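Shown below: coords.txt, with compact mmCIF, C-alpha atoms and all ligand atoms.
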# COMPACT_ATOMS: atom_id res chain seq x y z
CA MET R 14 -90.54 -74.70 -8.45
CA MET R 15 -88.78 -76.09 -11.47
CA LYS R 16 -87.62 -79.69 -11.28
CA VAL R 17 -83.96 -79.78 -10.24
CA THR R 18 -81.88 -82.22 -12.25
CA ARG R 19 -78.49 -81.42 -10.78
CA HIS R 20 -77.24 -80.64 -7.29
CA ALA R 21 -74.86 -77.83 -6.41
CA LEU R 22 -73.14 -80.12 -3.92
CA GLY R 23 -71.59 -83.16 -5.56
CA ASP R 24 -69.85 -86.08 -3.84
CA ALA R 25 -66.39 -85.24 -5.12
CA ARG R 26 -64.54 -81.98 -5.59
CA GLY R 27 -65.31 -80.00 -8.73
CA ASP R 28 -62.90 -78.62 -11.27
CA ALA R 29 -62.41 -74.83 -11.18
CA ASP R 30 -62.40 -74.41 -14.96
CA ALA R 31 -65.45 -76.57 -15.42
CA ILE R 32 -67.29 -74.59 -12.75
CA ARG R 33 -66.56 -71.30 -14.48
CA LYS R 34 -67.67 -72.72 -17.81
CA ASP R 35 -70.88 -74.05 -16.27
CA LEU R 36 -71.70 -70.63 -14.85
CA GLN R 37 -71.03 -68.91 -18.14
CA GLN R 38 -73.10 -71.49 -19.98
CA MET R 39 -76.04 -70.84 -17.66
CA LEU R 40 -75.82 -67.07 -18.25
CA SER R 41 -76.03 -67.58 -21.99
CA GLY R 42 -79.76 -68.24 -21.77
CA ASP R 43 -80.44 -64.87 -20.11
CA VAL R 44 -81.36 -61.60 -21.72
CA ASP R 45 -78.49 -59.92 -23.60
CA TRP R 46 -78.45 -56.80 -21.38
CA ARG R 47 -74.94 -55.85 -22.50
CA ASN R 48 -76.32 -55.20 -25.95
CA GLY R 49 -79.14 -53.05 -24.70
CA ARG R 50 -81.92 -55.65 -24.84
CA LEU R 51 -83.05 -55.02 -21.25
CA GLN R 52 -84.64 -52.03 -19.56
CA GLY R 53 -84.37 -51.24 -15.91
CA LEU R 54 -82.93 -54.26 -14.12
CA ASN R 55 -79.37 -53.22 -14.87
CA HIS R 56 -77.83 -49.75 -14.95
CA PHE R 57 -74.63 -49.94 -16.92
CA GLY R 58 -72.20 -47.03 -16.87
CA GLY R 59 -69.61 -48.46 -19.29
CA ASP R 60 -67.03 -51.26 -19.17
CA ASP R 61 -64.49 -49.06 -17.38
CA VAL R 62 -66.98 -48.19 -14.62
CA LEU R 63 -68.00 -51.82 -14.21
CA GLU R 64 -64.37 -52.87 -13.94
CA ILE R 65 -63.61 -50.30 -11.23
CA ALA R 66 -66.68 -51.48 -9.31
CA GLU R 67 -65.80 -55.17 -9.63
CA LYS R 68 -62.21 -54.61 -8.53
CA ALA R 69 -63.29 -52.62 -5.48
CA HIS R 70 -65.90 -55.27 -4.70
CA ARG R 71 -63.24 -57.92 -4.78
CA ILE R 72 -60.88 -56.01 -2.46
CA PHE R 73 -63.66 -55.63 0.12
CA SER R 74 -65.64 -58.82 -0.50
CA SER R 75 -64.59 -60.43 2.78
CA THR R 76 -65.30 -57.44 5.01
CA ASN R 77 -68.49 -57.36 7.06
CA PRO R 78 -70.12 -53.97 7.73
CA VAL R 79 -72.06 -55.46 10.65
CA SER R 80 -69.02 -54.73 12.84
CA ARG R 81 -67.40 -51.32 12.72
CA ARG R 82 -65.06 -52.52 15.48
CA ALA R 83 -63.48 -55.10 13.19
CA PHE R 84 -63.93 -53.23 9.90
CA PRO R 85 -63.60 -49.50 10.45
CA SER R 86 -62.63 -49.29 6.76
CA VAL R 87 -66.16 -50.07 5.55
CA GLY R 88 -67.56 -47.68 8.12
CA GLN R 89 -65.40 -44.92 6.69
CA LEU R 90 -66.46 -45.71 3.11
CA GLN R 91 -70.11 -45.64 4.19
CA ASP R 92 -69.68 -42.26 5.90
CA GLU R 93 -68.06 -40.77 2.80
CA ILE R 94 -70.80 -42.07 0.48
CA ILE R 95 -73.52 -40.75 2.80
CA ALA R 96 -71.82 -37.34 2.99
CA SER R 97 -71.79 -37.13 -0.82
CA ALA R 98 -75.40 -38.28 -1.11
CA ILE R 99 -76.53 -35.65 1.41
CA LYS R 100 -74.69 -32.95 -0.50
CA LEU R 101 -76.25 -34.05 -3.81
CA MET R 102 -79.69 -34.03 -2.26
CA GLY R 103 -79.54 -30.53 -0.89
CA GLY R 104 -78.38 -31.18 2.67
CA GLN R 105 -78.91 -28.27 5.06
CA GLY R 106 -76.51 -29.41 7.78
CA GLU R 107 -78.40 -31.77 10.11
CA GLU R 108 -78.93 -34.69 7.72
CA CYS R 109 -77.60 -38.19 8.20
CA GLY R 110 -78.14 -41.55 6.58
CA THR R 111 -77.66 -45.30 6.31
CA ILE R 112 -76.27 -47.47 3.53
CA THR R 113 -78.55 -50.36 2.66
CA SER R 114 -78.69 -53.25 0.20
CA GLY R 115 -81.23 -51.57 -2.08
CA GLY R 116 -84.26 -49.37 -2.44
CA THR R 117 -86.48 -51.92 -0.75
CA GLU R 118 -84.39 -51.85 2.42
CA SER R 119 -84.02 -48.05 2.31
CA ILE R 120 -87.80 -47.68 2.18
CA PHE R 121 -88.18 -50.18 5.01
CA LEU R 122 -85.96 -48.15 7.34
CA ALA R 123 -87.81 -44.91 6.55
CA MET R 124 -91.17 -46.57 7.21
CA LEU R 125 -89.94 -48.15 10.42
CA ALA R 126 -88.67 -44.80 11.71
CA ALA R 127 -91.94 -43.09 10.80
CA ARG R 128 -94.00 -45.81 12.47
CA GLU R 129 -91.92 -45.67 15.64
CA ARG R 130 -92.34 -41.89 15.80
CA PHE R 131 -96.08 -42.27 15.22
CA ARG R 132 -96.35 -44.86 18.00
CA LEU R 133 -94.82 -42.46 20.53
CA ARG R 134 -97.72 -40.12 19.84
CA ARG R 135 -100.55 -42.60 19.37
CA PRO R 136 -99.46 -45.90 20.91
CA ASP R 137 -102.79 -47.67 20.41
CA ALA R 138 -103.65 -46.61 16.87
CA ARG R 139 -102.98 -48.58 13.68
CA PRO R 140 -100.82 -46.28 11.53
CA GLU R 141 -101.79 -45.38 7.96
CA LEU R 142 -99.67 -44.64 4.91
CA VAL R 143 -100.86 -42.36 2.11
CA ILE R 144 -99.10 -42.95 -1.23
CA PRO R 145 -99.81 -42.27 -4.90
CA GLU R 146 -101.01 -45.32 -6.87
CA THR R 147 -97.75 -45.14 -8.84
CA ALA R 148 -95.58 -45.69 -5.73
CA HIS R 149 -93.33 -48.75 -5.66
CA PRO R 150 -94.72 -52.05 -4.25
CA ALA R 151 -92.02 -51.96 -1.55
CA PHE R 152 -94.33 -49.65 0.43
CA ASN R 153 -97.07 -52.30 0.50
CA LYS R 154 -94.55 -55.02 1.26
CA HIS R 155 -93.31 -53.23 4.38
CA ALA R 156 -96.81 -52.17 5.39
CA HIS R 157 -97.51 -55.90 5.41
CA TYR R 158 -94.49 -56.55 7.65
CA LEU R 159 -95.06 -53.56 9.95
CA ASP R 160 -98.87 -53.75 10.19
CA ILE R 161 -99.60 -50.44 8.53
CA LYS R 162 -102.72 -49.66 6.50
CA VAL R 163 -101.93 -48.42 2.98
CA ILE R 164 -104.09 -45.94 1.10
CA ARG R 165 -103.11 -45.71 -2.57
CA VAL R 166 -104.49 -42.52 -4.08
CA ALA R 167 -105.27 -42.14 -7.80
CA THR R 168 -102.94 -39.82 -9.70
CA GLY R 169 -104.11 -36.84 -11.74
CA GLU R 170 -104.65 -36.98 -15.50
CA ASP R 171 -100.95 -36.18 -15.89
CA PHE R 172 -100.10 -39.45 -14.02
CA ARG R 173 -98.45 -37.45 -11.22
CA ALA R 174 -99.58 -37.61 -7.59
CA ASP R 175 -102.61 -35.45 -6.86
CA PRO R 176 -101.77 -33.55 -3.64
CA ALA R 177 -105.36 -32.44 -2.95
CA ALA R 178 -106.67 -36.00 -3.31
CA MET R 179 -103.86 -37.24 -1.06
CA GLU R 180 -104.73 -34.67 1.59
CA ARG R 181 -108.34 -35.87 1.52
CA ALA R 182 -107.03 -39.37 2.35
CA PHE R 183 -105.31 -38.06 5.52
CA GLY R 184 -106.79 -39.03 8.87
CA LYS R 185 -105.70 -38.81 12.49
CA ASP R 186 -103.74 -42.05 12.08
CA THR R 187 -101.73 -40.99 9.01
CA MET R 188 -98.07 -41.69 9.84
CA MET R 189 -96.41 -41.04 6.46
CA VAL R 190 -97.02 -39.58 3.03
CA VAL R 191 -94.88 -40.36 -0.03
CA GLY R 192 -93.93 -38.69 -3.29
CA SER R 193 -91.69 -40.29 -5.93
CA ALA R 194 -88.87 -38.49 -7.73
CA PRO R 195 -89.68 -39.82 -10.24
CA SER R 196 -92.29 -42.61 -10.06
CA TYR R 197 -91.34 -46.02 -11.41
CA PRO R 198 -94.08 -46.64 -14.02
CA CYS R 199 -93.74 -43.53 -16.22
CA GLY R 200 -90.74 -41.63 -14.84
CA LEU R 201 -92.75 -38.59 -13.77
CA PHE R 202 -91.89 -36.50 -10.70
CA ASP R 203 -94.71 -36.19 -8.18
CA PRO R 204 -95.26 -32.60 -6.95
CA ILE R 205 -92.88 -33.03 -4.02
CA THR R 206 -93.08 -29.44 -2.73
CA GLU R 207 -96.89 -29.48 -2.60
CA ILE R 208 -97.04 -32.88 -0.90
CA ALA R 209 -94.42 -31.77 1.62
CA GLN R 210 -96.49 -28.67 2.44
CA ILE R 211 -99.48 -30.87 3.23
CA ALA R 212 -97.27 -33.10 5.34
CA LEU R 213 -96.01 -30.08 7.30
CA LYS R 214 -99.53 -28.79 7.80
CA HIS R 215 -100.66 -32.12 9.30
CA ASP R 216 -97.33 -32.86 11.01
CA VAL R 217 -96.94 -36.11 9.04
CA TRP R 218 -93.65 -37.74 7.99
CA MET R 219 -92.84 -36.98 4.33
CA HIS R 220 -90.75 -39.55 2.47
CA VAL R 221 -89.34 -38.89 -0.99
CA ASP R 222 -88.72 -42.05 -2.99
CA ALA R 223 -85.81 -40.98 -5.19
CA CYS R 224 -84.60 -44.54 -5.78
CA ILE R 225 -84.39 -43.80 -9.50
CA GLY R 226 -83.81 -40.06 -9.53
CA GLY R 227 -81.60 -39.47 -6.50
CA PHE R 228 -78.32 -40.12 -8.27
CA GLN R 229 -79.47 -38.91 -11.68
CA ALA R 230 -81.61 -35.80 -11.22
CA PRO R 231 -78.81 -33.52 -9.90
CA PHE R 232 -76.64 -34.28 -12.94
CA VAL R 233 -79.46 -33.98 -15.46
CA LYS R 234 -80.29 -30.63 -13.89
CA ALA R 235 -76.66 -29.59 -14.30
CA LEU R 236 -77.06 -30.30 -18.01
CA GLY R 237 -79.73 -27.62 -18.15
CA TYR R 238 -82.90 -29.75 -18.10
CA HIS R 239 -85.79 -28.70 -15.91
CA VAL R 240 -85.87 -30.91 -12.80
CA PRO R 241 -88.11 -29.97 -9.87
CA ASP R 242 -86.69 -29.77 -6.34
CA PHE R 243 -87.09 -32.99 -4.39
CA GLY R 244 -84.36 -32.99 -1.74
CA PHE R 245 -83.81 -31.46 1.68
CA THR R 246 -84.16 -27.96 0.23
CA VAL R 247 -87.90 -28.71 0.21
CA PRO R 248 -89.35 -27.86 3.64
CA GLY R 249 -91.05 -30.86 5.27
CA VAL R 250 -88.98 -33.65 3.69
CA CYS R 251 -88.07 -36.10 6.49
CA SER R 252 -86.40 -38.92 4.55
CA ILE R 253 -85.19 -39.80 1.05
CA SER R 254 -84.39 -43.18 -0.52
CA ALA R 255 -81.89 -43.18 -3.42
CA ASP R 256 -80.37 -46.21 -5.12
CA LEU R 257 -76.66 -46.29 -5.81
CA HIS R 258 -77.19 -49.46 -7.86
CA LYS R 259 -79.42 -47.62 -10.31
CA TYR R 260 -78.08 -44.31 -11.67
CA GLY R 261 -75.14 -44.39 -9.27
CA PHE R 262 -73.88 -46.95 -11.86
CA THR R 263 -72.48 -49.31 -9.25
CA LEU R 264 -73.00 -53.01 -8.53
CA LYS R 265 -76.26 -54.20 -7.11
CA GLY R 266 -76.63 -54.25 -3.36
CA ALA R 267 -76.18 -50.53 -2.62
CA SER R 268 -78.64 -47.77 -1.77
CA VAL R 269 -78.94 -44.96 0.75
CA VAL R 270 -81.71 -43.76 3.02
CA LEU R 271 -81.20 -40.22 4.25
CA PHE R 272 -82.92 -38.57 7.20
CA ALA R 273 -83.39 -34.88 7.94
CA SER R 274 -81.88 -35.31 11.43
CA GLU R 275 -80.22 -37.80 13.78
CA GLU R 276 -83.37 -37.71 15.85
CA LEU R 277 -85.44 -39.08 12.96
CA ARG R 278 -82.83 -41.66 11.97
CA ALA R 279 -82.56 -42.91 15.55
CA ARG R 280 -86.01 -44.53 15.21
CA SER R 281 -84.72 -46.79 12.41
CA LEU R 282 -81.87 -48.26 14.48
CA PHE R 283 -81.87 -51.50 16.45
CA ARG R 284 -80.02 -52.16 19.71
CA PHE R 285 -80.19 -55.28 21.83
CA THR R 286 -78.27 -56.43 24.90
CA ASP R 287 -80.31 -59.23 26.48
CA TRP R 288 -78.30 -62.24 25.28
CA PRO R 289 -74.91 -63.73 26.14
CA ARG R 290 -72.83 -61.81 23.54
CA GLY R 291 -73.50 -58.31 24.78
CA LEU R 292 -74.49 -55.25 22.79
CA TYR R 293 -75.76 -56.04 19.29
CA ALA R 294 -76.52 -52.88 17.34
CA THR R 295 -77.29 -52.55 13.62
CA ASP R 296 -78.38 -49.58 11.55
CA SER R 297 -80.05 -51.56 8.76
CA PHE R 298 -82.27 -54.60 8.26
CA SER R 299 -79.50 -57.02 7.42
CA GLY R 300 -77.02 -58.60 9.75
CA THR R 301 -73.91 -60.05 8.18
CA ARG R 302 -73.35 -58.88 4.63
CA SER R 303 -70.40 -58.16 2.36
CA GLY R 304 -68.68 -54.77 2.32
CA GLY R 305 -68.13 -55.37 -1.42
CA PRO R 306 -71.11 -53.34 -2.68
CA VAL R 307 -70.13 -50.44 -0.39
CA ALA R 308 -66.56 -50.38 -1.69
CA ALA R 309 -67.82 -50.65 -5.28
CA ALA R 310 -70.15 -47.67 -4.81
CA TRP R 311 -67.39 -45.62 -3.21
CA ALA R 312 -64.90 -46.50 -5.96
CA VAL R 313 -67.35 -45.63 -8.75
CA MET R 314 -68.06 -42.26 -7.10
CA ARG R 315 -64.35 -41.56 -6.83
CA TYR R 316 -63.72 -42.73 -10.39
CA LEU R 317 -66.49 -40.77 -12.09
CA GLY R 318 -66.56 -37.65 -9.95
CA TYR R 319 -69.28 -35.08 -10.49
CA GLU R 320 -67.89 -34.52 -13.97
CA GLY R 321 -68.12 -38.18 -14.92
CA TYR R 322 -71.74 -38.44 -13.81
CA VAL R 323 -72.62 -35.35 -15.84
CA ASP R 324 -70.91 -36.83 -18.92
CA LEU R 325 -72.68 -40.20 -18.64
CA ASN R 326 -76.02 -38.46 -18.19
CA ARG R 327 -75.36 -36.23 -21.19
CA ARG R 328 -74.95 -39.37 -23.33
CA ILE R 329 -78.02 -40.99 -21.82
CA MET R 330 -80.22 -37.90 -22.18
CA ARG R 331 -79.10 -37.52 -25.80
CA MET R 332 -80.38 -41.06 -26.49
CA ARG R 333 -83.61 -40.18 -24.70
CA ASP R 334 -84.12 -36.98 -26.68
CA ASN R 335 -83.47 -38.76 -29.98
CA LEU R 336 -85.90 -41.51 -29.03
CA ILE R 337 -88.59 -38.97 -28.12
CA SER R 338 -88.15 -37.04 -31.34
CA GLY R 339 -88.55 -40.27 -33.32
CA LEU R 340 -91.74 -41.41 -31.58
CA GLN R 341 -94.02 -39.89 -34.21
CA ASP R 342 -92.41 -42.13 -36.80
CA LEU R 343 -93.11 -45.17 -34.57
CA ASP R 344 -96.75 -44.14 -34.24
CA CYS R 345 -96.20 -43.83 -30.48
CA GLU R 346 -96.86 -40.99 -28.10
CA LEU R 347 -94.96 -40.00 -24.98
CA VAL R 348 -96.73 -40.30 -21.61
CA GLY R 349 -96.55 -36.94 -19.85
CA LYS R 350 -93.36 -34.89 -19.72
CA PRO R 351 -90.74 -37.11 -18.08
CA GLU R 352 -87.81 -35.36 -16.45
CA LEU R 353 -85.11 -38.04 -16.68
CA SER R 354 -84.19 -41.06 -18.81
CA LEU R 355 -87.07 -43.24 -17.58
CA ILE R 356 -89.99 -42.66 -19.93
CA ALA R 357 -93.20 -44.36 -21.00
CA VAL R 358 -94.58 -44.46 -24.52
CA ARG R 359 -97.95 -45.49 -25.93
CA PRO R 360 -98.22 -47.20 -29.31
CA ARG R 361 -101.37 -45.61 -30.73
CA HIS R 362 -103.32 -48.48 -32.25
CA ALA R 363 -101.44 -51.68 -31.48
CA ASP R 364 -102.03 -54.66 -29.23
CA LEU R 365 -99.29 -54.34 -26.61
CA ALA R 366 -99.06 -58.05 -25.87
CA ALA R 367 -98.39 -58.65 -29.56
CA VAL R 368 -95.78 -55.85 -29.69
CA SER R 369 -94.05 -57.46 -26.74
CA ASP R 370 -94.14 -60.92 -28.36
CA GLU R 371 -92.74 -59.57 -31.62
CA MET R 372 -89.97 -57.71 -29.80
CA ALA R 373 -89.11 -60.86 -27.84
CA LYS R 374 -88.43 -62.62 -31.15
CA HIS R 375 -85.61 -60.09 -31.66
CA GLY R 376 -84.30 -60.59 -28.13
CA TRP R 377 -85.80 -57.48 -26.52
CA ILE R 378 -87.47 -57.67 -23.14
CA LEU R 379 -90.14 -54.97 -23.06
CA ASN R 380 -91.50 -53.61 -19.79
CA LEU R 381 -95.22 -53.14 -20.29
CA LEU R 382 -97.49 -50.82 -18.36
CA LEU R 383 -101.12 -51.38 -17.43
CA LYS R 384 -102.05 -47.79 -16.63
CA PRO R 385 -101.72 -46.09 -18.97
CA LYS R 386 -101.28 -49.03 -21.36
CA GLY R 387 -97.80 -48.56 -22.73
CA VAL R 388 -94.14 -49.46 -22.75
CA GLN R 389 -91.67 -48.31 -20.13
CA ILE R 390 -88.18 -47.43 -21.34
CA MET R 391 -85.27 -46.84 -18.96
CA LEU R 392 -81.98 -45.97 -20.61
CA ASN R 393 -78.36 -46.48 -19.63
CA ILE R 394 -75.03 -46.80 -21.42
CA SER R 395 -75.79 -50.40 -22.51
CA HIS R 396 -78.31 -48.94 -24.96
CA GLU R 397 -75.74 -46.81 -26.75
CA GLY R 398 -75.33 -48.02 -30.31
CA HIS R 399 -78.53 -50.07 -30.15
CA MET R 400 -81.19 -47.37 -30.25
CA GLU R 401 -81.61 -47.44 -34.02
CA LYS R 402 -82.12 -51.19 -33.99
CA PHE R 403 -84.59 -50.76 -31.12
CA ALA R 404 -86.57 -48.19 -33.07
CA ASP R 405 -86.54 -50.33 -36.23
CA ASP R 406 -87.69 -53.42 -34.35
CA MET R 407 -90.36 -51.41 -32.52
CA LYS R 408 -91.65 -50.04 -35.79
CA ARG R 409 -91.83 -53.47 -37.34
CA SER R 410 -93.38 -55.03 -34.22
CA ILE R 411 -95.99 -52.31 -33.97
CA SER R 412 -97.01 -52.73 -37.58
CA VAL R 413 -97.36 -56.50 -37.09
CA ALA R 414 -99.32 -55.93 -33.85
CA LYS R 415 -101.78 -53.62 -35.58
CA ASN R 416 -103.14 -56.58 -37.47
CA THR R 417 -103.60 -58.94 -34.54
CA ALA R 418 -106.69 -59.16 -32.35
CA MET R 419 -106.45 -57.27 -29.05
CA ARG R 420 -105.76 -59.56 -26.12
CA GLU R 421 -106.20 -59.16 -22.40
CA LEU R 422 -102.96 -57.63 -21.14
CA SER R 423 -101.15 -59.37 -18.31
CA VAL R 424 -97.98 -57.72 -17.13
CA GLU R 425 -95.10 -59.05 -15.05
CA TYR R 426 -92.29 -57.09 -13.39
C1 LIG R 501 -86.00 -49.65 -7.73
C2 LIG R 501 -87.00 -48.88 -6.94
C3 LIG R 501 -87.41 -49.28 -5.67
C4 LIG R 501 -86.97 -50.59 -5.05
O1 LIG R 501 -85.62 -50.70 -5.02
P1 LIG R 501 -84.81 -52.09 -5.10
O2 LIG R 501 -83.44 -51.58 -5.29
O3 LIG R 501 -85.36 -52.87 -6.25
O4 LIG R 501 -84.98 -52.78 -3.81
C5 LIG R 501 -88.27 -48.46 -5.00
N1 LIG R 501 -88.74 -47.33 -5.53
C6 LIG R 501 -88.40 -46.92 -6.77
C7 LIG R 501 -88.93 -45.64 -7.31
C8 LIG R 501 -87.51 -47.69 -7.51
O5 LIG R 501 -87.16 -47.30 -8.73
If you convert what's in this file into structure tokens, what do you get?
Ligand SMILES: *Cc1c(COP(=O)(O)O)cnc(C)c1O
Amino acid sequence: MMKVTRHALGDARGDADAIRKDLQQMLSGDVDWRNGRLQGLNHFGGDDVLEIAEKAHRIFSSTNPVSRRAFPSVGQLQDEIIASAIKLMGGQGEECGTITSGGTESIFLAMLAARERFRLRRPDARPELVIPETAHPAFNKHAHYLDIKVIRVATGEDFRADPAAMERAFGKDTMMVVGSAPSYPCGLFDPITEIAQIALKHDVWMHVDACIGGFQAPFVKALGYHVPDFGFTVPGVCSISADLHKYGFTLKGASVVLFASEELRARSLFRFTDWPRGLYATDSFSGTRSGGPVAAAWAVMRYLGYEGYVDLNRRIMRMRDNLISGLQDLDCELVGKPELSLIAVRPRHADLAAVSDEMAKHGWILNLLLKPKGVQIMLNISHEGHMEKFADDMKRSISVAKNTAMRELSVEY
């Protein structure tokens, strides 16, 4: 840990203005995400969208979704968000879901439900999880918590999950198989339909990780782009994770996990009565939390409407298409055929570490990839108006990096 030179708690009361200034001062050392210098950690849908979200957050900041008895309002907002998410993801009528704090928690609840179902059938076995090597680390994190063995299977040459190789990794203790829509490293959809068929054949729980694509793919498809099916229209899909705080364009702390039926979701719930305060029941991992992120997500959905999401994605996909058509000029190639606005590119002859260092001098934080070696680019409205500068700086950085010695690449999230 860094040495702390100041304490949050002082002896005397602090001054409100000074506190605000201090906070702003501290932010000034961070990446300038508002001017497009960051990829991925923020998904900006415009100043108007952010303002709606922040206002809604403020109105609901003191509510606590842990109790529907005290705060039926948040319960209602959650139900309405879930209903919309189910509809977007091809609901067939029986689906249900839970609002969580993020993709990590959504994936946890799906894995918990799958493990509990598995345990009913094989109480003494150690469950196994079969995932593509491109799947998010959250799956390994929860496998660690839930004592599940993880088998990461190499992708095909197209960097998409290889269903045949995944099937070969199945055993009698396989409790879940996963496909991403799309995967985080290169933004490529795994063959969800094929993986789901294998899952059906072996009676294994199929989870679709649509944390990135869930709230983007339907709108990009509406724009006329080819997007494969990944939702409940695909037979065999048991659960889907989709992040509101990514392409739902809302504040962080909001995601959904959807289940094909109440029966499947029931295994993710927790109920307890053996203590002095009576029935304690929660539907997610957290206990007390703020209803702010829920209200923000609801307000952004109401504000944008289907139309608004299509419009934002039209602007974002236009940036993506322009970037892709200019790659030749940057001496970069595209990795695979990405469906959405998360893409990966490979500079042809340059040392990536040096490209990243050069870009950092101009304030850009690049997300590097180890396999294939490349740069991950994830676009949102904060990049609008900055793409030309990005391309210019990339071009310059790549030409500098061509003349430096190749270094061992170490990559951090
Ligand atoms: C972001 C993401 C996650 C994890 O979600 P958090 O919101 O960071 O907890 C999982 N899977 C994919 C594909 C993601 O993009």
(message) Within 9 Å of ligand LIG 501 (chain R) (counting only C-alpha atoms and all ligand atoms), which residues show up? I'd like them as a PyMOL selection string.
(response) chain R and resi 53-54+114-120+147-152+193-198+200+222-226+254-259+265-268
(request) Using all atoms listed in the file, pick whichever of R:His362, R:Trp288, R:Leu392, R:Gly318 has the shortest atom-to-atom distance to Leu336 of chain R. (result) R:Leu392
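You can rank R:Val62, R:Ala156, R:Ile161, R:Val87 by their closest distance to Arg132 of chain R using only C-alpha atoms, and at the top of that list sits R:Ile161.
Contact shell of Ile394 of chain R at 7 Å (all atoms listed in the file; same-chain neighbours under 6 positions omitted): Phe57, Gly58, Gly59 and Ile329 of chain R.
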What are the centre and the three edge lengths of an axis-aligned box that wraps all atoms of segment 208-216 of chain R in the file, given that 6 Å is added to every side, written as JSON and rounded to one decimal in Å?
{"center_x": -97.5, "center_y": -30.9, "center_z": 5.1, "size_x": 18.2, "size_y": 16.4, "size_z": 23.9}
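Between atom CA of Pro231 of chain R and atom CA of Glu320 of chain R the interatomic distance comes to 11.7 Å.
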Per residue of segment 203-277 of chain R within 10 Å of segment 101-113 of chain R, which atom pair is closest and at what distance in Å (one decimal), using only C-alpha atoms, listed by chain and increasing number, as a tab-separated table?
residue	atom	partner	partner_atom	distance
R:Ala223	CA	R:Met102	CA	9.7
R:Gly227	CA	R:Met102	CA	7.2
R:Phe228	CA	R:Leu101	CA	7.8
R:Gln229	CA	R:Leu101	CA	9.8
R:Ala230	CA	R:Leu101	CA	9.3
R:Pro231	CA	R:Leu101	CA	6.6
R:Phe232	CA	R:Leu101	CA	9.1
R:Asp242	CA	R:Gly103	CA	9.0
R:Phe243	CA	R:Met102	CA	7.8
R:Gly244	CA	R:Met102	CA	4.8
R:Phe245	CA	R:Gly103	CA	5.1
R:Thr246	CA	R:Gly103	CA	5.4
R:Val247	CA	R:Gly103	CA	8.6
R:Cys251	CA	R:Glu108	CA	9.3
R:Ser252	CA	R:Gly110	CA	8.9
R:Ile253	CA	R:Met102	CA	8.6
R:Ser254	CA	R:Gly110	CA	9.6
R:Ala255	CA	R:Met102	CA	9.5
R:Asp256	CA	R:Thr113	CA	9.0
R:Leu257	CA	R:Ile112	CA	9.4
R:Gly266	CA	R:Thr113	CA	7.4
R:Ala267	CA	R:Thr113	CA	5.8
R:Ser268	CA	R:Thr113	CA	5.1
R:Val269	CA	R:Ile112	CA	4.6
R:Val270	CA	R:Thr111	CA	5.4
R:Leu271	CA	R:Gly110	CA	4.1
R:Phe272	CA	R:Cys109	CA	5.4
R:Ala273	CA	R:Glu108	CA	4.5
R:Ser274	CA	R:Glu108	CA	4.8
R:Glu275	CA	R:Cys109	CA	6.2
R:Glu276	CA	R:Cys109	CA	9.6
R:Leu277	CA	R:Cys109	CA	9.2
(message) For Phe285 of chain R, find every residue with an atom within 7 Å (counting only C-alpha atoms), except residues of its own chain fewer than 4 positions away, and show them as a ChimeraX atom specification.
(response) /R:292-294
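Distance-wise, atom CA of Trp311 of chain R and atom CA of Leu201 of chain R end up 28.4 Å apart.
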(request) Can you pull out every residue within 6 Å of Gly192 of chain R, counting all atoms listed in the file, but drop anything in the same chain fewer than 2 positions away, and send it as a list of chain:residue names? (result) R:Asp203, R:Ile205, R:Val221
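Of the residues listed (R:Ala66, R:Met407, R:Ile378, R:Cys199), R:Ile378 shows the shortest atom-to-atom separation from Trp46 of chain R; distances use all atoms listed in the file.
Nearest to Ser74 of chain R of all the residues R:Arg284, R:Phe183, R:Val307, R:His20 is R:Val307, based on only C-alpha atoms.
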(request) Tell me which of R:Cys345, R:Ile32, R:Ala83, R:Ala310 sits closest to Ile95 of chain R, counting only C-alpha atoms. (result) R:Ala310
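Relative to atom CA of Ala127 of chain R, atom CA of His157 of chain R is found at 15.0 Å.
When only C-alpha atoms are used to compute distances to Met400 of chain R, the closest of the residues R:Val323, R:Ala21, R:Leu125, R:Leu51 turns out to be R:Leu51.
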(message) Which residues are close to Asp45 of chain R, i.e. within 9 Å by only C-alpha atoms, leaving aside same-chain residues fewer than 4 positions away? Reply as a PyMOL selection string.
(response) chain R and resi 41+49-51+376-377
